[in-house]
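Below is one structure, written out as structure tokens; comments come after it.
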Amino acid sequence: MIKLSLSLLGTLALVLGGASTDAVAQTPKRGGILKFAVSAEPPNYDCHAATSFAFIHPVRPHYNTLLKFDEPNYPKVKGDLAQSWTMSPDGLTYTFKLKPNIKFHDGTPMTSADVKASYERIVNPTGGAVSIRKAAYSDIASIETPDAQTVVFKLKARNASMLTNFASPWDCIYSAAKIKADPKFPEKNVLGTGPFKFVEHVAGSHWVGERFADYFEKGRPYLDGFRAIFITNTAARVNALQAGEVLSEFRGHSPADRDRLKAALGDKIVVHESPWICSLVVTFNTEKKPFDDARVRRALSLAIDRWKGAEALSKIALVRNVGGVLRPGYEMAAKEAELVKYPGYGKDINKARAEAKKLLEQAGVKDLKIKFLNRNIPMPYTPVGIFLIDQWRQIGVTVEHDQPETRAYITGLRGGNYEAGLDFNCDAVDDPNLQLAKFISADKSPINYGRYTDRKLDDLYNKQKGELDNKKRYALIREFEQHALNEAYSIPIIWWHRIIINWKQIKGWYMSPSHYLNQDLQDVWLDS
Amino acid sequence: MSIITATPEITYKVPRRRHPAMQFVATQPLGAASLVFIVMLFLAGVFADFVVPYDPLTLDYEAMLAAPSAEHWLGTDAFGRDVFSRIIFGARTALAVGLLSSFLGSTIGAAIGVASAHFGGRVDLAIQGFMDVLLSFPIIVLALAVVAMLGKRLVGGIDVNLILAIAIPMMPRVERVVRSSALAIREMAYIDAARAAGYGNMRIIFRHMAPNVVAPYLIMFTAFMAQAILLEASLSFLGLGVTEPTAAWGLMLSGTSQEFYSQAPWMIIFPGVAISLAVFSFNLFGDSLRDYLDPRLKV
Amino acid sequence: MLRYTIHRALLMIPTLLGVAVLVFVLLRLMPGDIVEMRFLLEGGQVSPETLAAERARLGLDKEIWWQFYDWMTGIFVGDFGISMWTGRPVIGEIATRLELSMQVAIMATVLATMLALPLGTIAALYKDSWIDRLIQVFAIAGLAVPSFWLGMLIILGLLLNFNWIPPLTFTPIYEDPAKNLSQLIWPALAVGYRYMAVAARMTRSTILEVLQEDYIRTARAKGLYERLVVGRHAMRNAMLPVITVIGLEFAFLIGGLVVTEQVFNLNGIGKLFVDTVTRADYTMVQALVMLVAVFFILINFAVDLLYAVFDPRIRYN
């Protein structure tokens with residue numbers, strides 16, 4: 001008790017000192033509770049088994065990872081728990097030095113043993129623990145801890161994405177002692193080293209964290225705490241933001257929400273926008289006729305006026321950019337000049353549609369009727385679905401829009417019980433290994449629902465994965481992309497566009513192309 | 001074989017009566033007015049293609065979120081689709097779903113009710129047991145469960161399983177009312193007579209009992225028509241009913257209109273008014289019909 | 001009376017068992033399960049082995065008979081199981097939400113009754129006058145306006161006029177009555193209108209019926225004041241069906257706030273139900289449906305007993 005009040009006094013003195021020496025408004029202020037909305041709720045508390053942003057937003061502030069993305073300078077990485085790191089010239093050994101004086105929220109020190117135990121839990125979970133990103137770490141051969149401050153990862157094969165992997169927001173470092181006693185400990189308990197301690201989670205309602213006074217970054221976090229409020233209904237969420245009941249929502253808003261809030265609140269809010277590492281893809285079930293015929297698939301791709309559609313849809317849905325297999329704007333993604341050469345990406349839509357009709361004719365397909373499986377979520381699935389139906393109608397294809405309950409949608413896609421479907425892909429980082437996995441053969445990728453085998457794609461995938469030279473990797477990816485779009489098993493339609501609306505008192509928060517990143521709230525502060 | 005060999009000639013002094021329709025109009029002016037509205041709604045739904053100024057499915061990116069004007073009487077939605085046209089086509093959806101589901105629910109319910117009353121004993125007990133089970137679910141919960149279980153099966157743009165999902169919760173409620181009416185009839189002399197005359201079950205049920213439960217059946221049918229429209233709207237609002245791009249009132253209140261409703265309030269006001277008016281007139285008509293046919297019946 | 005009570009109580013058991021079987025089977029007939037929902041919802045690259053392991057962990061790989069047996073035996077010792085989604089006991093999950101739903105339901109009941117009884121009575125007394133017509137139209141409109149739409153309009157009105165919305169998180173009424181009421185009064189109003197309409201209509205029709213009974217005519221013939229006739233004789237005898245309708249509507253509200261809770265972002269039973277159905281959280285849906293059914297059946301039971309008290313003929317049938 002005494003210790004607590006002493007530390008409080010200490011921080012108070014620090015704040016007062018800071019304020020007196022530097023009167024400029026941009027000096028971060030201590031204090032305040034950040035209230036933000038989350039549109040879904042995490043099922044349990046285990047990072048290694050989670051996939052949802054609904055998990056990241058309330059949970060990430062309680063934990064640290066080995067590396068993290070340098071907020072304003074994405075995609076550069078910086079140390080989170082790691083002070084420094086080196087990669088051996090052969091690309092097979094990564095050595096991390098940890099920062100000093102890191103403590104868990106229960107007061108125990110964090111050492112290299114905790115890092116090792118946590119990564120072992122990710123690579124090879126035991127005792128009922130669930131790890132769902134094993135594949136990304138399958139190249140790890142061993143983890144060594146020469147001393148309490150040093151961790152060494154040895155790889156079996158070179159992996160161009162390894163550093164990005166170490167910055168993954170899902171790789172929370174847990175206490176080795178706790179997960180040894182009970183591998184499932186993190187499912188129901190939150191014990192991390194992060195800037196905020198866990199206070200309470202009222203199911204269905206809200207989640208509260210408070211400032212961790214012994215946090216290893218001195219003077220951080222600035223906030224006294226945060227309160228995440230679960231609001232599933234879109235309208236209710238935007239209403240809450242407009243009324244100032246919450247100051248932000250970190251997943252993303254539709255353009256409609258932006259315009260509405262801008263009109264209602266004027267300069268009380270700040271709007272951040274960025275392309276988003278989420279894409280919408282139409283996948284064809286290649287086991288069903290006539291979608292086994294590449295000409296039919298390509299014709300359907302050609303019929304879509306992506307450029308005009310993107311312009312119109314961006315006014316009403318959270319999508320904006322035309323792109324290929326990688327996020328538009330990402331250094332490894334195709335530039336516009338390269339894109340327009342792919343089938344379905346040309347700017348002359350009449351020519352493309354004429355070609356589409358010819359392809360259908362050649363394939364002997366007349367009066368094509370498609371049952372189109374779409375997800376039962378208004379934003380952005382329904383608008384894009386309505387758009388596609390309209391586009392296909394223009395080459396004489398009739399579409400039946402099937403938007404079943406979410407469960408039936410997922411089973412339909414996975415079980416091959418569909419003809420064409422609107423699929424999505426959202427990743428935490430720009431990483432060809434992650435995004436290209438949607439397109440490789442079904443037996444190599446758990447997220448390919450097109451049920452096809454294409455060894456050429458698999459081969460190119462493996463080549464680019466082991467290629468440490470960015471230029472050569474870029475060329476390999478283009479080759480991959482050209483082939484994937486010609487075959488048109490899965491065709492990218494449009495990339496998402498992330499719009500974040502913050503009340504202007506939120507400072508120190510940085511926009512990123514992923515709603516999974518920059519959410520530890522360590523440097524966020526509230527201006528009065 | 002029959003015991004009653006000759007029907008005695010009884011002559012009633014029948015008072016001069018107006019035609020039943022005229023009688024209805026005279027005694028139930030509100031009901032008659034609502035009937036007119038209902039007929040108009042049906043006509044609009046059936047001839048929607050000729051009534052609407054725009055195709056309800058055509059996207060118009062130049063006219064997104066346009067406010068009500070001379071061109072778009074009730075404005076447009078987020079895709080530039082004409083709200084008025086979609087409401088008219090929505091009437092088609094609402095009436096089709098409402099009519100089919102309440103017809104299905106009331107008819108099956110009435111048939112089971114009459115049969116249950118007729119057979120009595122164990123059959124009655126078993127049927128009532130099952131109806132009790134169904135009645136223990138709130139209507140929307142049962143409908144949700146059925147929708148989630150059956151998924152969607154579109155026939156002519158209309159989801160057959162949605163109709164089932166709405167009909168099933170109604171069935172036991174109709175069954176209850178019809179059964180009790182039928183029970184009262186069962187005790188009457190002429191049914192005994194028919195039984196004594198050796199008529200089969202089917203004949204007794206359909207020729208003798210069924211005509212006597214027509215009044216409660218009709219009343220329940222209209223009342224549930226209103227309920228069905230409401231329920232369809234609720235399910236569509238939750239995303240479990242009708243699917244885009246089909247025009248449906250509940251659907252017009254959900255999805256993108258959820259995002260736009262404070263900028264473009266016409267997107268939610270008019271479909272809501274349409275639902276309310278339709279349900280209102282069916283309720284009013286149902287009430288009048290009850291007052292006219294059988295004032296003591298509780299629905 | 002005791003015999004009737006016991007007999008009637010025993011009848012509840014098969015009904016509940018029927019509900020249990022029905023919900024259990026319905027849930028498992030749907031394609032897909034919670035494991036897919038949890039891991040694939042956001043497109044994670046999850047291997048089939050992980051999915052299988054998770055299924056085994058939740059007992060979903062067992063034969064359906066065993067699953068049912070496990071569930072039933074659990075209930076008999078008061079264990080309703082663990083939510084497949086959160087891993088926490090189902091009872092606790094429901095308990096956190098029950099208070100809110102109960103309060104909205106009770107408030108709606110109070111509001112509805114307070115309005116419905118006088119309106120229904122007035123309408124009956126002035127049958128076929130303009131005031132009767134007005135009340136009837138008002139009541140029928142209550143049945144016609146979807147309560148979720150009314151809710152949307154209420155929020156829109158509050159936001160546009162006062163730039164204010166009801167609080168987002170629930171505060172129990174004994175902690176901060178003002179804050180509590182400022183959150184829950186709006187949904188209570190939205191659902192209360194319909195509720196009021198149902199009760200007012202019932203009040204009107206039963207009073208009309210009672211007014212035609214012989215003893216009322218006798219009372220009037222005796223020369224009793226009209227107010228006494230209505231107040232003492234008619235009202236008392238008309239109350240039973242009205243109470244019935246109020247009780248049943250109340251029972252429905254507990255599970256029936258499904259759509260309205262979405263609009264107001266209320267953390268109640270209805271929202272939980274929609275969430276858990278879409279997630280296919282079997283244990284949770286089962287427990288919720290059973291809870292609502294038990295509640296409903298108990299109210300029915302109480303109503304039947306009430307009738308038996310007032311009408312001895314029922315007891316001996």
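Labels used: A, B, ... for chains in the order of the structure tokens, numbers from 1 for residues in each chain, and numbers from 1 for ligands as shown.
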Pick out the chain A residues within 9 Å of chain B. Count only C-alpha atoms. Give them as an NGL selection string.
:A and (233-236 or 238 or 254 or 256-257 or 259-260 or 312-313 or 315-317 or 376-379 or 382-383 or 385-387 or 389-390 or 400-405 or 407-408)
Selection export as a short mmCIF file (atom, residue, chain, number, x, y, z; two decimals), in the first residue's frame, atoms kept: N, CA, C and O atoms:
data_model
loop_
_atom_site.label_atom_id
_atom_site.label_comp_id
_atom_site.auth_asym_id
_atom_site.auth_seq_id
_atom_site.Cartn_x
_atom_site.Cartn_y
_atom_site.Cartn_z
N ASN A 233 -23.53 -3.41 -32.38
CA ASN A 233 -24.37 -2.77 -33.39
C ASN A 233 -23.67 -1.54 -33.96
O ASN A 233 -23.23 -0.66 -33.23
N THR A 234 -23.56 -1.49 -35.30
CA THR A 234 -22.81 -0.41 -35.94
C THR A 234 -23.36 0.97 -35.60
O THR A 234 -22.62 1.88 -35.24
N ALA A 235 -24.66 1.10 -35.73
CA ALA A 235 -25.26 2.41 -35.48
C ALA A 235 -25.02 2.84 -34.04
O ALA A 235 -24.67 4.00 -33.78
N ALA A 236 -25.16 1.90 -33.11
CA ALA A 236 -24.96 2.22 -31.70
C ALA A 236 -23.52 2.68 -31.46
O ALA A 236 -23.27 3.58 -30.66
N VAL A 238 -21.43 4.15 -33.65
CA VAL A 238 -21.19 5.48 -34.18
C VAL A 238 -21.90 6.54 -33.34
O VAL A 238 -21.36 7.62 -33.08
N SER A 254 -16.88 3.22 -41.79
CA SER A 254 -17.25 3.39 -43.19
C SER A 254 -17.17 4.88 -43.53
O SER A 254 -17.19 5.73 -42.65
N ALA A 256 -19.41 6.64 -44.66
CA ALA A 256 -20.63 7.28 -44.19
C ALA A 256 -20.46 7.79 -42.77
O ALA A 256 -20.83 8.92 -42.45
N ASP A 257 -19.88 6.93 -41.93
CA ASP A 257 -19.67 7.33 -40.54
C ASP A 257 -18.76 8.54 -40.47
O ASP A 257 -18.98 9.46 -39.69
N ASP A 259 -18.23 10.88 -42.73
CA ASP A 259 -18.87 12.11 -43.17
C ASP A 259 -19.86 12.61 -42.12
O ASP A 259 -19.96 13.80 -41.85
N ARG A 260 -20.57 11.65 -41.55
CA ARG A 260 -21.57 12.03 -40.55
C ARG A 260 -20.90 12.65 -39.33
O ARG A 260 -21.33 13.69 -38.84
N ALA A 312 -16.81 4.22 -56.82
CA ALA A 312 -18.17 4.34 -56.27
C ALA A 312 -18.28 3.70 -54.89
O ALA A 312 -18.83 4.29 -53.96
N LEU A 313 -17.73 2.50 -54.77
CA LEU A 313 -17.86 1.79 -53.50
C LEU A 313 -17.15 2.53 -52.36
O LEU A 313 -17.57 2.48 -51.22
N LYS A 315 -17.25 5.39 -51.63
CA LYS A 315 -18.09 6.41 -51.01
C LYS A 315 -19.01 5.82 -49.96
O LYS A 315 -19.49 6.53 -49.08
N ILE A 316 -19.30 4.54 -50.09
CA ILE A 316 -20.28 3.97 -49.16
C ILE A 316 -19.76 2.81 -48.35
O ILE A 316 -20.37 2.42 -47.36
N ALA A 317 -18.63 2.24 -48.74
CA ALA A 317 -18.16 1.08 -48.00
C ALA A 317 -16.69 1.26 -47.64
O ALA A 317 -16.00 2.08 -48.23
N ASN A 376 -22.67 -12.74 -44.25
CA ASN A 376 -23.82 -12.01 -43.75
C ASN A 376 -23.41 -10.84 -42.84
O ASN A 376 -23.87 -10.73 -41.72
N ILE A 377 -22.50 -10.00 -43.37
CA ILE A 377 -22.06 -8.85 -42.59
C ILE A 377 -22.21 -7.63 -43.49
O ILE A 377 -21.73 -7.62 -44.61
N PRO A 378 -22.91 -6.62 -42.99
CA PRO A 378 -23.23 -5.49 -43.86
C PRO A 378 -22.00 -4.80 -44.44
O PRO A 378 -22.00 -4.41 -45.60
N MET A 379 -20.96 -4.64 -43.63
CA MET A 379 -19.83 -3.84 -44.09
C MET A 379 -18.56 -4.67 -44.11
O MET A 379 -18.19 -5.19 -43.08
N THR A 382 -21.83 -6.87 -48.01
CA THR A 382 -23.07 -6.69 -48.76
C THR A 382 -22.92 -5.70 -49.93
O THR A 382 -23.30 -6.03 -51.05
N PRO A 383 -22.36 -4.51 -49.68
CA PRO A 383 -22.21 -3.59 -50.82
C PRO A 383 -21.38 -4.19 -51.95
O PRO A 383 -21.74 -4.04 -53.13
N GLY A 385 -20.97 -7.32 -52.64
CA GLY A 385 -21.78 -8.36 -53.25
C GLY A 385 -22.79 -7.78 -54.23
O GLY A 385 -22.94 -8.25 -55.36
N ILE A 386 -23.47 -6.71 -53.80
CA ILE A 386 -24.46 -6.07 -54.66
C ILE A 386 -23.79 -5.53 -55.92
O ILE A 386 -24.30 -5.66 -57.03
N PHE A 387 -22.59 -4.98 -55.75
CA PHE A 387 -21.81 -4.46 -56.88
C PHE A 387 -21.47 -5.58 -57.86
O PHE A 387 -21.67 -5.44 -59.08
N ILE A 389 -22.89 -8.48 -58.35
CA ILE A 389 -24.08 -9.01 -59.02
C ILE A 389 -24.43 -8.11 -60.20
O ILE A 389 -24.74 -8.58 -61.30
N ASP A 390 -24.34 -6.80 -59.96
CA ASP A 390 -24.64 -5.83 -61.01
C ASP A 390 -23.64 -5.95 -62.16
O ASP A 390 -24.01 -5.86 -63.33
N GLU A 400 -27.60 -15.46 -58.14
CA GLU A 400 -28.46 -15.58 -56.96
C GLU A 400 -27.58 -15.31 -55.74
O GLU A 400 -26.58 -15.98 -55.52
N HIS A 401 -27.97 -14.29 -55.00
CA HIS A 401 -27.16 -13.86 -53.86
C HIS A 401 -27.51 -14.69 -52.64
O HIS A 401 -28.65 -14.67 -52.18
N ASP A 402 -26.55 -15.41 -52.12
CA ASP A 402 -26.82 -16.27 -50.97
C ASP A 402 -26.01 -15.74 -49.78
O ASP A 402 -24.79 -15.84 -49.76
N GLN A 403 -26.72 -15.13 -48.84
CA GLN A 403 -26.04 -14.62 -47.65
C GLN A 403 -26.55 -15.35 -46.43
O GLN A 403 -27.38 -14.84 -45.68
N PRO A 404 -26.05 -16.54 -46.20
CA PRO A 404 -26.58 -17.31 -45.07
C PRO A 404 -25.97 -16.81 -43.76
O PRO A 404 -25.15 -15.90 -43.76
N GLU A 405 -26.37 -17.41 -42.70
CA GLU A 405 -25.81 -17.15 -41.39
C GLU A 405 -24.30 -17.42 -41.46
O GLU A 405 -23.85 -18.27 -42.22
N ARG A 407 -22.14 -19.01 -39.83
CA ARG A 407 -21.68 -20.37 -39.67
C ARG A 407 -21.83 -21.16 -40.97
O ARG A 407 -20.93 -21.87 -41.41
N ALA A 408 -22.98 -20.98 -41.61
CA ALA A 408 -23.23 -21.70 -42.85
C ALA A 408 -22.31 -21.18 -43.96
O ALA A 408 -21.89 -21.93 -44.84
#
Residues of chain C at most 7 Å from chain B: nearest atom pair and distance in Å, only C-alpha atoms, as a tab-separated table:
residue	atom	partner	partner_atom	distance
C:Thr15	CA	B:Val133	CA	5.3
C:Gly18	CA	B:Val133	CA	5.9
C:Val19	CA	B:Val133	CA	5.4
C:Leu26	CA	B:Met149	CA	6.3
C:Leu27	CA	B:Met149	CA	6.8
C:Leu29	CA	B:Met149	CA	6.2
C:Met30	CA	B:Met149	CA	4.6
C:Ile140	CA	B:Phe280	CA	6.3
C:Ala141	CA	B:Phe280	CA	5.8
C:Ala144	CA	B:Ser276	CA	4.8
C:Val145	CA	B:Ser276	CA	4.8
C:Pro146	CA	B:Leu230	CA	6.7
C:Trp149	CA	B:Gly272	CA	6.5
C:Leu156	CA	B:Ser262	CA	6.8
C:Phe252	CA	B:Pro138	CA	5.5
C:Gly255	CA	B:Pro138	CA	6.4
C:Gly256	CA	B:Pro138	CA	6.1
C:Val259	CA	B:Ser234	CA	6.9
C:Ala293	CA	B:Ser136	CA	4.9
C:Phe296	CA	B:Ser136	CA	6.1
C:Ile297	CA	B:Ser136	CA	6.5
Check your understanding: Residues of chain A within 9 Å of chain C, using only C-alpha atoms, as a ChimeraX atom specification?
Key -> /A:42-44,49-53,128,130-135,187-188,202-206,229-233,235-237,239-240,242-245,405-412,423-427,434,437,445-447
Min atom-atom distance to Asp469 in chain A from the set A:His48, A:Lys97, A:Arg158, A:Lys76, counting only C-alpha atoms, belongs to A:Arg158
Margin query: I'd like the contact shell of range 186-192 of chain B - 9 Å cut-off, only C-alpha atoms, skipping same-chain residues fewer than 5 positions apart - returned as a VMD selection string.
Written below: chain B and resid 117 to 118 181 197 204 208 to 209
N, CA and C atoms of the current selection, written as a PDB file, in the first residue's frame:
ATOM      1  N   ALA B 117     -58.926 -32.298 -31.341  1.00  0.00           N
ATOM      2  CA  ALA B 117     -60.202 -32.257 -30.625  1.00  0.00           C
ATOM      3  C   ALA B 117     -61.047 -33.464 -30.990  1.00  0.00           C
ATOM      4  N   HIS B 118     -60.989 -33.834 -32.242  1.00  0.00           N
ATOM      5  CA  HIS B 118     -61.835 -34.937 -32.684  1.00  0.00           C
ATOM      6  C   HIS B 118     -61.396 -36.259 -32.077  1.00  0.00           C
ATOM      7  N   SER B 181     -62.451 -24.280 -29.906  1.00  0.00           N
ATOM      8  CA  SER B 181     -63.714 -24.122 -30.638  1.00  0.00           C
ATOM      9  C   SER B 181     -64.244 -25.481 -31.068  1.00  0.00           C
ATOM     10  N   ALA B 197     -74.106 -42.145 -37.412  1.00  0.00           N
ATOM     11  CA  ALA B 197     -74.444 -42.502 -38.788  1.00  0.00           C
ATOM     12  C   ALA B 197     -73.324 -43.279 -39.437  1.00  0.00           C
ATOM     13  N   ILE B 204     -66.162 -36.569 -40.900  1.00  0.00           N
ATOM     14  CA  ILE B 204     -66.654 -35.783 -39.768  1.00  0.00           C
ATOM     15  C   ILE B 204     -65.811 -34.528 -39.588  1.00  0.00           C
ATOM     16  N   HIS B 208     -68.079 -31.698 -41.089  1.00  0.00           N
ATOM     17  CA  HIS B 208     -68.911 -31.242 -39.978  1.00  0.00           C
ATOM     18  C   HIS B 208     -68.205 -30.313 -39.010  1.00  0.00           C
ATOM     19  N   MET B 209     -66.954 -30.669 -38.681  1.00  0.00           N
ATOM     20  CA  MET B 209     -66.295 -29.814 -37.696  1.00  0.00           C
ATOM     21  C   MET B 209     -65.627 -28.606 -38.338  1.00  0.00           C
TER      22      MET B 209
END
Q | Residue set, range 20-216 of chain C restricted to helix (DSSP H, G or I), as an MDAnalysis selection string | A | chainID C and resid 20:29 34:40 48:57 64:76 90:125 130:144 147:162 177:211 214:216
*asked:* My list of candidates is A:Asp292, A:Asp527, A:Asp139, A:Glu338. Which is closest to Gln482 in chain A when distances are computed with only C-alpha atoms?
replied: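 Ranking A:Asp292, A:Asp527, A:Asp139, A:Glu338 by distance to Gln482 in chain A, first place goes to A:Glu338.
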**Prompt:** Can you tell me, as a count of residues only, what residues are no more than 8 Å from Ala141 in chain A when counting only C-alpha atoms, ignoring any on the same chain fewer than 5 positions away?
**Reply:** 4
Can you tell me which residues surround Ile166 in chain B at a distance of at most 8 Å, considering only C-alpha atoms, apart from same-chain residues fewer than 2 positions away, and format the answer as a PDB file with N, CA, C and O atoms, in the first residue's frame?
ATOM      1  N   SER B 101     -46.776 -17.605 -45.076  1.00  0.00           N
ATOM      2  CA  SER B 101     -46.456 -18.167 -43.764  1.00  0.00           C
ATOM      3  C   SER B 101     -47.685 -18.191 -42.873  1.00  0.00           C
ATOM      4  O   SER B 101     -47.888 -19.161 -42.146  1.00  0.00           O
ATOM      5  N   SER B 102     -48.522 -17.169 -42.914  1.00  0.00           N
ATOM      6  CA  SER B 102     -49.671 -17.235 -42.016  1.00  0.00           C
ATOM      7  C   SER B 102     -50.694 -18.238 -42.546  1.00  0.00           C
ATOM      8  O   SER B 102     -51.370 -18.898 -41.760  1.00  0.00           O
ATOM      9  N   GLY B 105     -49.116 -21.550 -41.409  1.00  0.00           N
ATOM     10  CA  GLY B 105     -49.213 -21.691 -39.948  1.00  0.00           C
ATOM     11  C   GLY B 105     -50.644 -21.906 -39.506  1.00  0.00           C
ATOM     12  O   GLY B 105     -50.947 -22.828 -38.748  1.00  0.00           O
ATOM     13  N   ALA B 143     -38.284 -18.731 -34.138  1.00  0.00           N
ATOM     14  CA  ALA B 143     -38.060 -18.398 -35.547  1.00  0.00           C
ATOM     15  C   ALA B 143     -36.566 -18.329 -35.853  1.00  0.00           C
ATOM     16  O   ALA B 143     -36.104 -18.844 -36.873  1.00  0.00           O
ATOM     17  N   LEU B 162     -37.623 -19.370 -44.630  1.00  0.00           N
ATOM     18  CA  LEU B 162     -38.040 -18.212 -43.838  1.00  0.00           C
ATOM     19  C   LEU B 162     -39.541 -18.310 -43.570  1.00  0.00           C
ATOM     20  O   LEU B 162     -40.015 -18.041 -42.467  1.00  0.00           O
ATOM     21  N   ILE B 163     -40.280 -18.724 -44.583  1.00  0.00           N
ATOM     22  CA  ILE B 163     -41.727 -18.877 -44.430  1.00  0.00           C
ATOM     23  C   ILE B 163     -42.037 -19.936 -43.373  1.00  0.00           C
ATOM     24  O   ILE B 163     -42.875 -19.740 -42.493  1.00  0.00           O
ATOM     25  N   LEU B 164     -41.284 -21.038 -43.435  1.00  0.00           N
ATOM     26  CA  LEU B 164     -41.457 -22.074 -42.407  1.00  0.00           C
ATOM     27  C   LEU B 164     -41.141 -21.526 -41.020  1.00  0.00           C
ATOM     28  O   LEU B 164     -41.873 -21.766 -40.064  1.00  0.00           O
ATOM     29  N   ILE B 168     -43.998 -21.813 -38.211  1.00  0.00           N
ATOM     30  CA  ILE B 168     -43.922 -22.778 -37.106  1.00  0.00           C
ATOM     31  C   ILE B 168     -44.308 -22.180 -35.747  1.00  0.00           C
ATOM     32  O   ILE B 168     -45.120 -22.769 -35.035  1.00  0.00           O
ATOM     33  N   PRO B 169     -43.795 -21.020 -35.375  1.00  0.00           N
ATOM     34  CA  PRO B 169     -44.227 -20.487 -34.074  1.00  0.00           C
ATOM     35  C   PRO B 169     -45.707 -20.121 -34.033  1.00  0.00           C
ATOM     36  O   PRO B 169     -46.295 -20.049 -32.960  1.00  0.00           O
ATOM     37  N   MET B 170     -46.313 -19.874 -35.197  1.00  0.00           N
ATOM     38  CA  MET B 170     -47.734 -19.501 -35.204  1.00  0.00           C
ATOM     39  C   MET B 170     -48.648 -20.695 -35.032  1.00  0.00           C
ATOM     40  O   MET B 170     -49.731 -20.597 -34.470  1.00  0.00           O
ATOM     41  N   ALA B 228     -46.808 -11.877 -39.006  1.00  0.00           N
ATOM     42  CA  ALA B 228     -45.813 -12.433 -39.914  1.00  0.00           C
ATOM     43  C   ALA B 228     -45.007 -11.322 -40.578  1.00  0.00           C
ATOM     44  O   ALA B 228     -43.793 -11.425 -40.726  1.00  0.00           O
ATOM     45  N   LEU B 231     -42.629 -10.059 -38.009  1.00  0.00           N
ATOM     46  CA  LEU B 231     -41.577 -11.030 -37.718  1.00  0.00           C
ATOM     47  C   LEU B 231     -40.560 -11.084 -38.858  1.00  0.00           C
ATOM     48  O   LEU B 231     -39.352 -11.142 -38.640  1.00  0.00           O
ATOM     49  N   GLU B 232     -41.087 -11.034 -40.084  1.00  0.00           N
ATOM     50  CA  GLU B 232     -40.178 -11.027 -41.240  1.00  0.00           C
ATOM     51  C   GLU B 232     -39.281  -9.800 -41.183  1.00  0.00           C
ATOM     52  O   GLU B 232     -38.074  -9.879 -41.428  1.00  0.00           O
TER      53      GLU B 232
END
Here CA of Ala333 in chain A and CA of Gln464 in chain A stand apart by 13.3 Å
Long-range neighbours of Leu119 in chain C as a PDB file with N, CA, C and O atoms, in the first residue's frame, 7 Å cut-off, only C-alpha atoms, 4 positions minimum in chain:
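Output saved as part.pdb:
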ATOM      1  N   LEU C 115     -50.679   2.454 -17.934  1.00  0.00           N
ATOM      2  CA  LEU C 115     -51.429   3.094 -19.010  1.00  0.00           C
ATOM      3  C   LEU C 115     -52.597   2.234 -19.487  1.00  0.00           C
ATOM      4  O   LEU C 115     -53.686   2.736 -19.769  1.00  0.00           O
ATOM      5  N   ALA C 123     -62.093   2.970 -22.611  1.00  0.00           N
ATOM      6  CA  ALA C 123     -62.577   2.574 -23.935  1.00  0.00           C
ATOM      7  C   ALA C 123     -63.819   1.702 -23.811  1.00  0.00           C
ATOM      8  O   ALA C 123     -64.787   1.842 -24.567  1.00  0.00           O
ATOM      9  N   ILE C 135     -58.650   5.455 -28.637  1.00  0.00           N
ATOM     10  CA  ILE C 135     -57.824   4.546 -27.845  1.00  0.00           C
ATOM     11  C   ILE C 135     -57.531   3.275 -28.635  1.00  0.00           C
ATOM     12  O   ILE C 135     -56.422   2.763 -28.641  1.00  0.00           O
ATOM     13  N   ALA C 200     -54.083  -3.178 -23.000  1.00  0.00           N
ATOM     14  CA  ALA C 200     -55.244  -2.293 -23.083  1.00  0.00           C
ATOM     15  C   ALA C 200     -56.375  -2.964 -23.853  1.00  0.00           C
ATOM     16  O   ALA C 200     -57.543  -2.873 -23.474  1.00  0.00           O
TER      17      ALA C 200
END
Would you work out the distance separating CA of Thr95 in chain A from CA of Val152 in chain A, expressed in Å to one decimal?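 Distance between the two atoms: 4.4 Å.
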(Q) Using Å and a single decimal, report how far CA of Gly324 in chain A sits from CA of Lys463 in chain A. (A)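 Computed distance, CA of Lys463 in chain A to CA of Gly324 in chain A, equals 19.1 Å.
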Those of range 139-178 of chain A in DSSP strand (DSSP E), formatted as a ChimeraX atom specification: /A:140-147,150-155
- Spatial neighbours of range 353-366 of chain A, 7 Å, only C-alpha atoms, chain gap at least 6 places, as a ChimeraX atom specification: /A:295-296,299-300,302-303,395
The residue from A:Thr193, A:Ser88, A:Thr453, A:Ser248 with the smallest atom-to-atom distance to Lys103 in chain A, counting only C-alpha atoms, is A:Thr193
